[in-house]
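Participant: If you scroll down you'll find the structure; I have some questions about it.
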Amino acid sequence: MRKKGGFERALPWDKLAEECGIFGIVSHPESSRLTYLGMYALQHRGQESAGIASSDGKKVHLQHGMGRVADVFDESHLELLPGKSAIGHVRYSTAGESALGNAQPILIDCWRGQIALAHNGYLVNAATLRRELERDGAIFHSTSDSEVVLHLVSRSRRRTLLEAFIEALRLVQGAYSLLVLTPDCLLVARDPYGFRPLCIGRVEGSYVFASETCALDLIDAEYVRDVEPGEVLWAQDDTLESSFPLPKQKSAFCVFEHVYFSRPDSLVFGRTVNPSRRLLGKLLAREHPVEADVVVPVPDSGVTAAIGYAEESRLPLEFGLIRNHYVGRTFIEPKQSIRNFGVKVKLNPVREILAGKRVVLVDDSIVRGTTSRKIVHLIRSAGAKEIHLRITSPPIVGPCHYGIDTPTKRELIGATKSVEEIRRFVGADTLGYLSLENLLRAVEDNGRFCSACFTDCYPTQVSAVEHQKELFGKSLVELST
Ligand code: SF4
């Protein structure tokens, strides 16, 4: 959270937040411009910093800054990014003061030459590895978990960069979709669980890599396939070599990508997000039907599921909450204010739609419950007669250890209160969460997905993570930023 003289406050938007989006392209004359466009499409995955590294065949160039893609880059920046290959990164973080140091891509110059890295995910043993590396004399330039990979690559005695990179990946644990750019090649990797998405596309004969297919669509690239869990790719000119050098694991794709993080127009983990989200709404309507007059989504993430709920329940869908899209993550509140403007600056209720109505309010999740409470209050104050809150996922009972910003367990309302207690806290007349069974059905699970934040059963060992939390007394994201 950033504070400037006590005026600037973080918007109290109580959501899980995606940490990053990545994009890369090899051997294209307009590589940095296409990367810039790809990052626009991935902006929803991170808005606090943006960066591009490009290679002209001899040297890697880097431009990055705080803010959204449009804030960071203009024509002059792109002219400083020459070359035929590039990688880009958009990042979300919670710690403001050192955030520019943590902006990616991270670029190092070591005995192997220049290496730039863009990472989506979180390495659960990063703090342990970092302490060992520091004891051996390594000097870190950021507090990002991702920098550990670069130190491991730089210290490896392996002959080639690819071998050193694979050696480093064998040491790290957790979630990573990675793009690594050197003056003459692009390396791509996805962890053996496949927590975060990463796809391959083709545009005008060049290979493209992106967190979501919406980035391929924007640059008219054709979707080829996903990078497989545990796959390492080596891209140079127009060749792409694949290998699977890491121990195989049962896949654990993040189910929240389909619930909330990814764009509905993206193909993620082999399935378009839109039908998943619509089915979440339909199944929710079957599981928690209610006599009502109107279905209202919490924009924007609740919209697709609300369409599904309205279709299934044969109720009209109305946009009873209007979102201001031009609000950043922080805003300036009047100093003497006794009212909380936080939610109102972002959402405004439409009185004509809500007054006197029995409203089904559809949202994707409840994290701390504070924002849901304010939204329910907002709708009530606009004259709604009844409010029936419907959530398209089960209660969140544990933090994410794989690259999603979650509060600590004791701050998660789903971990500390019953559904009835949550209903009372948020002030709804009824509250219905989608069951885990129906969530997994909506995404065509077949045992492929991670749902650990709903079950507290983690696909990897979390002891290392808990150890880090104990040591630092901070949330995982604070540790990584
Ligand atoms: S714990 Fe939850 S948010 Fe994290 S990867 Fe698993 S499903 Fe996704």
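How things are named: the first chain in the structure tokens is A, the next is B, and so on; residues count from 1 in each chain; ligands count from 1 in the order shown.
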Do you know which residues are within 6 Å of ligand 1 using only C-alpha atoms and all ligand atoms? Can you write them as a ChimeraX atom specification?
Facilitator: /A:195,254-256,400-402,404,450-453
Participant: With only C-alpha atoms as the atoms that count, which of A:Asn102, A:Ser142, A:Gln236, A:Ser211 lies nearest to Glu48 (chain A)?
Facilitator: A:Asn102
Participant: For the helix (DSSP H, G or I) assignment from backbone DSSP, which residues of region 205-454 of chain A qualify? Please present them as an NGL selection string.
Facilitator: :A and (213-218 or 256-261 or 273-287 or 303-313 or 351-354 or 370-381 or 409-411 or 413-416 or 419-426 or 436-442 or 452-454)
Participant: Generate the output file for the selected residues, C-alpha atoms, as a compact mmCIF listing (two decimals), in the first residue's frame.
Facilitator:
```txt
# COMPACT_ATOMS: atom_id res chain seq x y z
CA THR A 213 -4.48 -16.29 -25.89
CA CYS A 214 -6.16 -12.86 -25.83
CA ALA A 215 -2.63 -11.47 -26.38
CA LEU A 216 -2.25 -13.64 -29.49
CA ASP A 217 -5.62 -12.45 -30.80
CA LEU A 218 -4.60 -8.81 -30.51
CA PHE A 256 -9.10 -19.43 -10.28
CA GLU A 257 -7.88 -18.59 -13.79
CA HIS A 258 -11.30 -19.74 -14.99
CA VAL A 259 -13.23 -18.24 -12.07
CA TYR A 260 -11.74 -14.77 -12.15
CA PHE A 261 -8.19 -14.04 -13.31
CA VAL A 273 -12.93 -19.17 -20.13
CA ASN A 274 -16.31 -17.81 -21.26
CA PRO A 275 -18.24 -21.15 -21.23
CA SER A 276 -16.65 -22.09 -17.90
CA ARG A 277 -17.77 -18.85 -16.32
CA ARG A 278 -21.26 -19.07 -17.80
CA LEU A 279 -21.62 -22.62 -16.54
CA LEU A 280 -20.47 -21.50 -13.09
CA GLY A 281 -23.47 -19.14 -13.08
CA LYS A 282 -25.88 -21.81 -14.33
CA LEU A 283 -24.74 -24.37 -11.76
CA LEU A 284 -24.93 -21.72 -9.05
CA ALA A 285 -28.55 -21.00 -10.02
CA ARG A 286 -29.34 -24.72 -9.78
CA GLU A 287 -27.56 -25.06 -6.45
CA VAL A 303 -20.79 -10.42 -15.53
CA THR A 304 -20.35 -13.67 -17.49
CA ALA A 305 -21.43 -15.85 -14.57
CA ALA A 306 -24.43 -13.58 -13.94
CA ILE A 307 -25.53 -14.14 -17.55
CA GLY A 308 -25.44 -17.88 -16.82
CA TYR A 309 -27.37 -17.43 -13.56
CA ALA A 310 -30.02 -15.29 -15.27
CA GLU A 311 -30.41 -17.77 -18.16
CA GLU A 312 -30.82 -20.72 -15.83
CA SER A 313 -33.19 -18.99 -13.42
CA ARG A 351 -31.46 3.31 -8.37
CA GLU A 352 -34.07 2.79 -11.14
CA ILE A 353 -33.00 -0.83 -11.50
CA LEU A 354 -32.62 -1.67 -7.82
CA THR A 370 -15.17 -6.07 3.51
CA THR A 371 -15.90 -5.13 -0.11
CA SER A 372 -18.91 -7.48 -0.35
CA ARG A 373 -20.30 -5.80 2.76
CA LYS A 374 -19.90 -2.35 1.21
CA ILE A 375 -21.48 -3.42 -2.09
CA VAL A 376 -24.45 -4.97 -0.30
CA HIS A 377 -24.84 -1.75 1.68
CA LEU A 378 -24.63 0.28 -1.53
CA ILE A 379 -27.41 -1.77 -3.16
CA ARG A 380 -29.54 -1.62 -0.03
CA SER A 381 -29.17 2.15 0.12
CA LYS A 409 -5.36 -17.34 6.57
CA ARG A 410 -6.67 -15.46 9.58
CA GLU A 411 -7.75 -12.55 7.33
CA ILE A 413 -13.35 -14.68 6.10
CA GLY A 414 -14.04 -18.13 4.63
CA ALA A 415 -11.38 -19.62 6.92
CA THR A 416 -12.66 -18.07 10.10
CA VAL A 419 -21.48 -19.25 5.77
CA GLU A 420 -24.22 -17.95 8.07
CA GLU A 421 -21.73 -15.74 9.94
CA ILE A 422 -20.43 -14.41 6.61
CA ARG A 423 -23.99 -13.68 5.48
CA ARG A 424 -24.59 -11.67 8.63
CA PHE A 425 -21.26 -9.87 8.23
CA VAL A 426 -21.93 -8.78 4.65
CA LEU A 436 -16.36 -27.37 -5.08
CA GLU A 437 -17.93 -30.25 -6.99
CA ASN A 438 -19.79 -27.88 -9.31
CA LEU A 439 -16.79 -25.57 -9.67
CA LEU A 440 -14.67 -28.46 -10.90
CA ARG A 441 -17.49 -29.64 -13.14
CA ALA A 442 -17.73 -26.22 -14.79
CA ALA A 452 -6.00 -25.64 -2.76
CA CYS A 453 -7.32 -22.26 -1.61
CA PHE A 454 -10.77 -23.89 -1.28
```
Participant: Residues near Glu75 (chain A), anyone? I mean within 10 Å using only C-alpha atoms, not counting same-chain ones fewer than 4 positions away, as a PyMOL selection string.
Facilitator: chain A and resi 33+79-80
